[in-house]
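Q: Structure: run_29.txt, compact mmCIF, C-alpha atoms and all ligand atoms.
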```
# COMPACT_ATOMS: atom_id res chain seq x y z
CA MET A 233 -53.98 9.68 -36.89
CA LEU A 234 -51.20 7.91 -38.69
CA ASN A 235 -49.61 11.34 -38.98
CA LYS A 236 -49.34 11.55 -35.25
CA VAL A 237 -47.45 8.25 -35.25
CA HIS A 238 -45.09 9.50 -37.95
CA GLU A 239 -44.49 12.78 -36.16
CA LEU A 240 -43.63 11.02 -32.94
CA LYS A 241 -41.41 8.58 -34.85
CA ALA A 242 -39.49 11.51 -36.30
CA GLU A 243 -39.20 13.07 -32.88
CA VAL A 244 -37.87 9.86 -31.37
CA GLU A 245 -35.36 9.48 -34.19
CA ALA A 246 -34.17 13.04 -33.78
CA PHE A 247 -33.89 12.89 -30.02
CA ASN A 248 -30.37 12.87 -28.67
CA SER A 249 -28.99 13.60 -25.26
CA ALA A 250 -26.15 12.65 -22.97
CA SER A 251 -27.94 13.84 -19.88
CA VAL A 252 -29.40 11.19 -17.62
CA GLN A 253 -32.18 13.54 -16.55
CA GLU A 254 -33.10 14.53 -20.11
CA ILE A 255 -33.19 10.91 -21.28
CA GLU A 256 -35.38 9.94 -18.36
CA ALA A 257 -37.71 12.91 -18.95
CA PHE A 258 -38.04 11.91 -22.60
CA ARG A 259 -38.75 8.29 -21.62
CA ILE A 260 -41.55 9.38 -19.31
CA LYS A 261 -42.96 11.71 -21.99
CA VAL A 262 -42.92 9.06 -24.74
CA LEU A 263 -43.04 5.63 -23.08
CA GLY A 264 -44.40 6.49 -19.65
CA SER A 265 -47.70 5.07 -18.39
CA LYS A 266 -49.31 8.43 -19.25
CA GLY A 267 -47.01 9.02 -22.19
CA GLN A 268 -47.61 9.74 -25.86
CA ILE A 269 -47.38 6.12 -27.03
CA LYS A 270 -49.85 5.02 -24.37
CA ALA A 271 -52.19 7.76 -25.65
CA LEU A 272 -51.82 6.47 -29.20
CA PHE A 273 -52.67 2.94 -28.09
CA ASP A 274 -55.79 4.41 -26.46
CA ASP A 275 -56.62 6.09 -29.78
CA PHE A 276 -56.13 2.74 -31.52
CA LYS A 277 -59.48 1.60 -30.21
CA SER A 278 -61.26 4.23 -32.28
CA VAL A 279 -59.38 3.44 -35.51
CA PRO A 280 -61.67 1.99 -38.18
CA ASN A 281 -61.27 -1.77 -38.40
CA GLU A 282 -59.80 -1.86 -41.90
CA GLN A 283 -56.99 0.51 -40.82
CA LYS A 284 -56.28 -1.29 -37.59
CA LYS A 285 -53.72 -3.65 -39.07
CA ALA A 286 -51.55 -0.97 -40.66
CA PHE A 287 -51.92 1.40 -37.74
CA GLY A 288 -51.17 -1.31 -35.18
CA LYS A 289 -48.03 -2.29 -37.09
CA GLU A 290 -46.76 1.28 -37.22
CA LEU A 291 -47.59 1.85 -33.57
CA ASN A 292 -45.74 -1.28 -32.46
CA GLU A 293 -42.75 -0.29 -34.56
CA LEU A 294 -42.76 3.14 -32.97
CA LYS A 295 -42.84 1.63 -29.50
CA GLN A 296 -39.92 -0.67 -30.29
CA LEU A 297 -37.97 2.14 -31.87
CA ALA A 298 -38.48 4.33 -28.83
CA GLN A 299 -37.44 1.55 -26.48
CA GLN A 300 -34.32 0.73 -28.48
CA LYS A 301 -33.39 4.36 -28.84
CA LEU A 302 -33.65 4.98 -25.12
CA GLU A 303 -31.64 1.87 -24.31
CA LEU A 304 -28.97 3.02 -26.70
CA LEU A 305 -28.79 6.50 -25.24
CA LYS A 306 -28.68 5.15 -21.71
CA SER A 307 -25.83 2.81 -22.43
CA ALA A 308 -24.00 5.61 -24.26
CA VAL A 309 -24.16 7.75 -21.15
CA GLY A 310 -22.64 4.77 -19.43
CA ASN A 311 -23.17 2.85 -16.27
CA THR A 312 -21.27 5.44 -14.35
CA SER A 313 -23.90 8.15 -14.56
CA PHE A 314 -26.73 5.71 -14.08
CA ALA A 315 -25.06 4.40 -10.96
CA ALA A 316 -25.20 7.97 -9.72
CA GLU A 317 -28.92 7.49 -9.41
CA ASN A 318 -28.69 4.62 -6.94
CA LYS A 319 -30.55 5.09 -3.71
CA PHE A 320 -27.39 5.91 -1.73
CA GLY A 321 -26.80 8.93 -3.93
CA GLU A 322 -23.32 7.58 -4.52
CA ASP A 323 -21.57 6.58 -7.66
CA LEU A 324 -20.76 3.00 -6.75
CA SER A 325 -18.39 2.50 -9.64
CA LYS A 326 -16.24 5.53 -8.77
CA PRO A 327 -12.75 4.66 -7.49
CA ALA A 328 -12.72 4.88 -3.70
CA ILE A 329 -11.19 7.88 -2.00
CA GLU A 330 -7.82 6.71 -0.85
CA LYS A 331 -7.63 6.44 2.92
CA GLU A 332 -4.47 7.95 4.29
CA LEU A 333 -2.92 5.63 6.81
CA GLY A 334 -1.75 7.27 9.99
CA ALA A 335 1.61 6.51 11.51
CA ARG A 336 3.00 6.48 14.99
CA HIS A 337 4.35 9.72 16.36
CA PRO A 338 8.18 9.72 16.47
CA LEU A 339 8.08 10.15 20.25
CA SER A 340 5.83 7.10 20.58
CA LEU A 341 8.20 5.10 18.39
CA VAL A 342 11.17 6.03 20.54
CA ARG A 343 9.29 5.60 23.83
CA ASN A 344 8.15 2.13 22.74
CA GLU A 345 11.68 1.21 21.73
CA ILE A 346 13.04 2.32 25.12
CA ILE A 347 10.33 0.32 26.88
CA GLU A 348 11.10 -2.79 24.82
CA ILE A 349 14.82 -2.56 25.57
CA PHE A 350 14.22 -2.46 29.32
CA LYS A 351 11.49 -5.08 29.22
CA ARG A 352 14.01 -7.51 27.77
CA VAL A 353 16.03 -7.31 31.00
CA GLY A 354 13.08 -7.67 33.33
CA PHE A 355 11.72 -4.16 33.88
CA ASN A 356 7.98 -3.64 33.99
CA VAL A 357 6.12 -0.42 33.15
CA SER A 358 4.41 1.78 35.73
CA GLU A 359 2.41 4.92 35.22
CA GLY A 360 1.05 7.64 37.48
CA PRO A 361 -0.88 10.91 37.51
CA GLU A 362 0.34 14.03 35.70
CA ILE A 363 -1.11 16.25 38.42
CA GLU A 364 0.91 15.49 41.51
CA ASP A 365 1.17 16.52 45.12
CA ASP A 366 4.29 17.98 46.65
CA TRP A 367 5.12 14.75 48.48
CA HIS A 368 5.42 12.55 45.38
CA ASN A 369 7.06 15.11 43.14
CA PHE A 370 9.43 16.66 45.69
CA SER A 371 9.38 15.88 49.40
CA ALA A 372 9.62 12.08 49.24
CA LEU A 373 12.44 12.54 46.76
CA ASN A 374 14.53 14.36 49.32
CA PHE A 375 13.86 17.90 48.13
CA PRO A 376 13.73 19.76 51.49
CA GLU A 377 11.13 22.52 51.70
CA GLU A 378 12.41 25.89 50.47
CA HIS A 379 15.47 24.10 49.14
CA PRO A 380 16.91 25.76 46.05
CA ALA A 381 16.98 22.34 44.36
CA ARG A 382 13.25 22.82 43.78
CA ASP A 383 14.11 25.70 41.51
CA MET A 384 16.04 23.33 39.25
CA GLN A 385 12.66 22.30 37.93
CA ASP A 386 10.47 25.27 37.15
CA THR A 387 7.14 24.06 38.38
CA PHE A 388 3.60 24.78 37.18
CA PHE A 389 1.33 24.95 40.21
CA VAL A 390 -2.34 24.11 39.94
CA GLU A 391 -5.08 26.43 41.25
CA LYS A 392 -2.69 28.51 43.35
CA ASN A 393 -2.34 25.50 45.64
CA PRO A 394 1.37 25.10 46.38
CA ASP A 395 0.76 21.46 47.25
CA ILE A 396 -0.53 20.49 43.79
CA SER A 397 1.50 20.84 40.62
CA LEU A 398 2.02 19.32 37.21
CA ARG A 399 4.69 16.70 37.72
CA THR A 400 8.13 17.92 36.73
CA HIS A 401 9.51 14.39 36.31
CA THR A 402 8.22 10.82 36.42
CA SER A 403 10.32 10.14 39.54
CA SER A 404 6.97 10.82 41.22
CA VAL A 405 5.70 7.53 39.77
CA GLN A 406 8.66 5.71 41.25
CA VAL A 407 7.76 7.04 44.69
CA ARG A 408 4.26 5.63 44.23
CA VAL A 409 5.69 2.26 43.18
CA MET A 410 8.07 2.11 46.16
CA GLU A 411 5.25 3.01 48.54
CA ASN A 412 3.09 0.20 47.22
CA ALA A 413 5.43 -2.65 46.32
CA LYS A 414 8.05 -4.68 48.10
CA PRO A 415 11.54 -5.09 46.59
CA PRO A 416 12.80 -6.42 44.31
CA ILE A 417 11.46 -3.59 42.16
CA ARG A 418 12.47 -3.24 38.55
CA THR A 419 10.30 -0.69 36.80
CA ILE A 420 10.34 2.06 34.21
CA SER A 421 7.95 5.00 34.18
CA PRO A 422 7.28 6.62 30.83
CA GLY A 423 5.18 9.76 30.73
CA ARG A 424 4.70 13.42 30.01
CA VAL A 425 6.19 16.00 32.36
CA TYR A 426 5.85 19.77 32.61
CA ARG A 427 8.25 22.60 33.32
CA ASN A 428 7.67 26.30 33.16
CA GLU A 429 10.16 27.14 30.45
CA ALA A 430 9.94 29.50 27.51
CA ILE A 431 9.30 27.51 24.34
CA SER A 432 12.23 27.45 21.95
CA ALA A 433 14.06 25.00 19.69
CA ARG A 434 15.88 23.60 22.73
CA ALA A 435 13.24 23.80 25.49
CA HIS A 436 9.51 23.24 25.87
CA CYS A 437 6.97 23.59 28.65
CA PHE A 438 6.23 19.88 28.39
CA PHE A 439 8.26 16.90 27.30
CA HIS A 440 8.43 13.15 27.83
CA GLN A 441 10.56 11.02 30.07
CA VAL A 442 11.32 7.44 30.77
CA GLU A 443 12.69 6.98 34.26
CA GLY A 444 13.94 3.67 35.63
CA LEU A 445 14.24 2.24 39.12
CA TYR A 446 15.88 -0.96 40.37
CA ILE A 447 15.76 -1.87 44.05
CA ASP A 448 16.98 -5.11 45.55
CA LYS A 449 19.62 -6.40 47.95
CA ASN A 450 23.18 -5.56 46.93
CA VAL A 451 22.38 -3.36 43.95
CA SER A 452 25.56 -1.47 43.14
CA PHE A 453 26.77 1.34 40.92
CA ALA A 454 28.32 -1.34 38.70
CA ASP A 455 24.81 -2.71 38.06
CA LEU A 456 23.66 0.77 37.08
CA LYS A 457 26.56 1.21 34.72
CA GLN A 458 26.07 -2.18 33.10
CA THR A 459 22.34 -1.62 32.63
CA LEU A 460 22.91 1.76 31.03
CA LEU A 461 25.66 0.44 28.77
CA TYR A 462 23.30 -2.30 27.61
CA PHE A 463 20.62 0.32 26.93
CA ALA A 464 23.00 2.60 25.01
CA LYS A 465 24.21 -0.24 22.77
CA GLU A 466 20.67 -1.45 22.07
CA MET A 467 19.45 2.05 21.31
CA PHE A 468 22.35 3.54 19.38
CA GLY A 469 24.32 0.51 18.15
CA GLU A 470 26.87 -2.02 19.35
CA ASP A 471 29.84 0.39 18.97
CA THR A 472 28.33 2.94 21.34
CA GLU A 473 30.42 3.95 24.33
CA ILE A 474 29.16 5.61 27.49
CA ARG A 475 30.72 8.13 29.83
CA LEU A 476 29.51 8.97 33.33
CA ARG A 477 30.19 12.42 34.78
CA PRO A 478 29.56 13.29 38.46
CA SER A 479 26.41 15.35 38.96
CA TYR A 480 23.84 16.25 41.58
CA PHE A 481 20.23 15.22 42.15
CA PRO A 482 18.56 15.42 45.58
CA PHE A 483 17.24 11.85 45.30
CA THR A 484 20.42 10.03 44.28
CA GLU A 485 23.83 9.76 45.88
CA PRO A 486 26.20 9.48 44.17
CA SER A 487 24.66 11.03 41.05
CA ALA A 488 25.89 11.13 37.49
CA GLU A 489 25.04 12.30 34.04
CA MET A 490 25.55 9.89 31.21
CA ASP A 491 26.89 10.72 27.78
CA VAL A 492 26.90 8.41 24.77
CA SER A 493 29.45 8.53 21.99
CA CYS A 494 28.11 10.61 19.10
CA SER A 495 26.60 8.25 16.58
CA ILE A 496 26.36 11.01 14.00
CA CYS A 497 30.11 11.65 13.60
CA LYS A 498 31.30 8.38 15.25
CA SER A 499 32.91 10.53 17.96
CA LYS A 500 35.13 12.37 15.47
CA GLY A 501 33.48 15.67 16.41
CA CYS A 502 30.58 17.48 14.74
CA ASN A 503 28.28 20.37 15.52
CA VAL A 504 25.67 18.07 17.11
CA CYS A 505 28.12 16.89 19.79
CA LYS A 506 29.80 20.30 19.75
CA TYR A 507 33.06 18.63 18.74
CA THR A 508 33.26 16.69 22.02
CA GLY A 509 32.44 13.29 20.49
CA PHE A 510 29.84 12.71 23.24
CA LEU A 511 26.20 13.63 23.87
CA GLU A 512 24.45 13.88 27.21
CA ILE A 513 21.32 11.72 27.35
CA LEU A 514 20.35 11.01 30.95
CA GLY A 515 20.72 11.55 34.68
CA CYS A 516 21.23 8.67 37.08
CA GLY A 517 22.55 7.58 40.46
CA MET A 518 22.13 5.36 43.49
CA VAL A 519 18.81 6.00 45.22
CA ASP A 520 19.46 8.12 48.30
CA PRO A 521 18.75 6.08 51.48
CA ASN A 522 16.48 8.92 52.65
CA VAL A 523 14.23 8.30 49.65
CA LEU A 524 14.03 4.58 50.38
CA GLU A 525 13.10 5.32 54.00
CA ASN A 526 10.53 7.95 52.93
CA CYS A 527 8.84 5.24 50.88
CA GLY A 528 8.92 2.58 53.58
CA ILE A 529 11.88 0.57 52.28
CA ASP A 530 14.56 -0.46 54.77
CA SER A 531 17.76 1.14 53.49
CA SER A 532 19.91 -1.13 55.68
CA ILE A 533 18.72 -4.12 53.63
CA TYR A 534 18.01 -2.67 50.22
CA SER A 535 19.79 -0.40 47.80
CA GLY A 536 18.90 0.68 44.31
CA PHE A 537 19.67 2.76 41.29
CA ALA A 538 17.56 5.16 39.29
CA PHE A 539 17.92 6.92 35.98
CA GLY A 540 15.83 9.30 33.92
CA MET A 541 15.98 10.31 30.29
CA GLY A 542 14.12 12.66 27.97
CA VAL A 543 12.39 10.89 25.08
CA GLU A 544 12.66 14.01 22.87
CA ARG A 545 16.40 14.06 23.39
CA ILE A 546 16.80 10.42 22.30
CA ALA A 547 14.47 10.96 19.34
CA GLN A 548 16.44 14.06 18.39
CA LEU A 549 19.63 12.01 18.21
CA LYS A 550 18.04 9.06 16.47
CA PHE A 551 16.24 11.10 13.83
CA SER A 552 18.54 14.17 13.68
CA VAL A 553 15.71 16.53 14.61
CA ASN A 554 17.11 19.87 15.71
CA ASP A 555 13.97 21.69 16.86
CA LEU A 556 11.96 20.39 19.83
CA ARG A 557 8.88 22.34 18.77
CA LEU A 558 8.37 20.06 15.77
CA TYR A 559 7.20 17.27 18.06
CA SER A 560 4.07 19.09 19.18
CA GLU A 561 3.15 21.18 16.14
CA ASN A 562 1.28 18.34 14.40
CA ASP A 563 2.68 19.28 11.02
CA LYS A 564 1.95 16.38 8.69
CA ARG A 565 5.02 17.17 6.60
CA PHE A 566 7.09 16.38 9.68
CA LEU A 567 5.02 13.50 11.08
CA SER A 568 4.72 11.63 7.79
CA GLN A 569 8.49 11.13 7.69
CA PHE A 570 8.49 8.50 10.43
N1 LIG A 601 14.30 13.03 37.65
C1 LIG A 601 15.50 13.57 37.03
C2 LIG A 601 15.08 14.70 36.11
O1 LIG A 601 13.95 14.79 35.74
C3 LIG A 601 16.25 12.53 36.25
C4 LIG A 601 16.84 11.50 37.13
C5 LIG A 601 16.14 10.36 37.44
C6 LIG A 601 18.10 11.66 37.65
C7 LIG A 601 16.68 9.41 38.23
C8 LIG A 601 18.66 10.70 38.46
C9 LIG A 601 17.94 9.57 38.74
O2 LIG A 601 15.90 15.50 35.74
```
Before anything else, please render the file you have as structure tokens.
Ligand code: PHE
A:
Amino acid sequence: MLNKVHELKAEVEAFNSASVQEIEAFRIKVLGSKGQIKALFDDFKSVPNEQKKAFGKELNELKQLAQQKLELLKSAVGNTSFAAENKFGEDLSKPAIEKELGARHPLSLVRNEIIEIFKRVGFNVSEGPEIEDDWHNFSALNFPEEHPARDMQDTFFVEKNPDISLRTHTSSVQVRVMENAKPPIRTISPGRVYRNEAISARAHCFFHQVEGLYIDKNVSFADLKQTLLYFAKEMFGEDTEIRLRPSYFPFTEPSAEMDVSCSICKSKGCNVCKYTGFLEILGCGMVDPNVLENCGIDSSIYSGFAFGMGVERIAQLKFSVNDLRLYSENDKRFLSQF
């Protein structure tokens, strides 16, 4: 019987493994409650009394040896692998997977900056639906029915209903504001707009605008100009100059387009400003009295100005992005640069 003890002792001494499973299997086999050592202790009872002392000593030594050996092997495999056996099935000591932080979309950054600039001079923010009826997108804004001016904005109609379309500009929101509020009104409407255009580097079927509206007594073109100059300087820098060129919109009279001096070449001429030193960024004008009347505002008492700009266009100039498609492709290589 002593032989059995010696054999097992040799086996324990020879055992080596770096596998958590193998070590555990060996522990169960040798030290487990139905293991070999337990069996030997059971045998101990039948050992003749005079041999009990020697046998007991050897058996206890074997047990200690086995325990020490297993401890040693376990710690050699390291806490890491043992942690793998925790009840969550996770290695708790493993370095965490780094969480990638998201960032704001460049268009959101620019939109927020535009909003902040106008908020500082008392404008609030108004929003409206992207699916609009003809009245708010066109008719109230002085686009007569069948008037070719409606073709200026290639419209997506919804469900073959000529009365419902995707808004082509956020001027529709301004109509809603004028219908529901009394002057003075000082509001900007940021939002997504849709036009049926082929997608290319310079055009897209949707883009973003921020349009502004100011209505009060005695609002003049000078107020418009001053507000826009303030905006241009805040957005593009103190040295920025503006230039207004006569234009046409059905809802403003007079109307203008505004250029800012090219911040890329400091107006010396480059291929971004096509060697003109200026870049067009927005449309503006004095709100046509017809529009005020359409919205229930007395045009003999009140006057106002309006302007509208494309957020992509401003972002393009700020970040030197030359392809509009980049803004909606969700390419992380592009988005992570902002
Ligand atoms: N709504 C015009 C557009 O989308 C922009 C604009 C707004 C022009 C206000 C003049 C005044 O093109």
Q: Taking all atoms listed in the file and a cut-off of 6 Å, can you tell me which residues surround ligand LIG 601 (chain A), written as a compact mmCIF listing (two decimals) with C-alpha atoms, in the frame of the given file?
A:
```
# COMPACT_ATOMS: atom_id res chain seq x y z
CA HIS A 401 9.51 14.39 36.31
CA SER A 403 10.32 10.14 39.54
CA GLU A 443 12.69 6.98 34.26
CA GLY A 515 20.72 11.55 34.68
CA CYS A 516 21.23 8.67 37.08
CA GLY A 517 22.55 7.58 40.46
CA ALA A 538 17.56 5.16 39.29
CA PHE A 539 17.92 6.92 35.98
CA GLY A 540 15.83 9.30 33.92
```
Q: Could you give me, as an mmCIF file with C-alpha atoms, in the frame of the given file, the residues within 9 Å of A:Val262, counting all atoms listed in the file and dropping anything in the same chain fewer than 6 positions from it?
A:
```
data_model
loop_
_atom_site.group_PDB
_atom_site.id
_atom_site.type_symbol
_atom_site.label_atom_id
_atom_site.label_comp_id
_atom_site.auth_asym_id
_atom_site.auth_seq_id
_atom_site.Cartn_x
_atom_site.Cartn_y
_atom_site.Cartn_z
ATOM 1 C CA LEU A 240 -43.630 11.020 -32.940
ATOM 2 C CA VAL A 244 -37.870 9.860 -31.370
ATOM 3 C CA GLN A 268 -47.610 9.740 -25.860
ATOM 4 C CA ILE A 269 -47.380 6.120 -27.030
ATOM 5 C CA LYS A 270 -49.850 5.020 -24.370
ATOM 6 C CA LYS A 295 -42.840 1.630 -29.500
ATOM 7 C CA ALA A 298 -38.480 4.330 -28.830
#
```
Q: Within 12 Å of A:His436, counting all atoms listed in the file, which residues qualify if same-chain residues fewer than 4 places away don't, as a ChimeraX atom specification?
A: /A:386,424-432,440,542,544-545,555-561
Q: Need to verify the contact set: A:Thr402, 12 Å, all atoms listed in the file, exclusion of same-chain residues closer than 6 positions in sequence. Can you return it as an MDAnalysis selection string?
A: chainID A and resid 357:364 368:370 373 408:409 419:426 439:445 538:542
Q: When distances are computed from only C-alpha atoms, which of A:Asn374, A:Asn393, A:Gln548, A:Ser495 shows the smallest separation from A:Pro482?
A: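 Nearest to A:Pro482: A:Asn374.
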Q: Restricting the calculation to all atoms listed in the file: of A:Ala250, A:Ala547, A:Cys502, A:Val523, which residue gets closest to A:Ser371?
A: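 Counting all atoms listed in the file, the residue closest to A:Ser371 is A:Val523.
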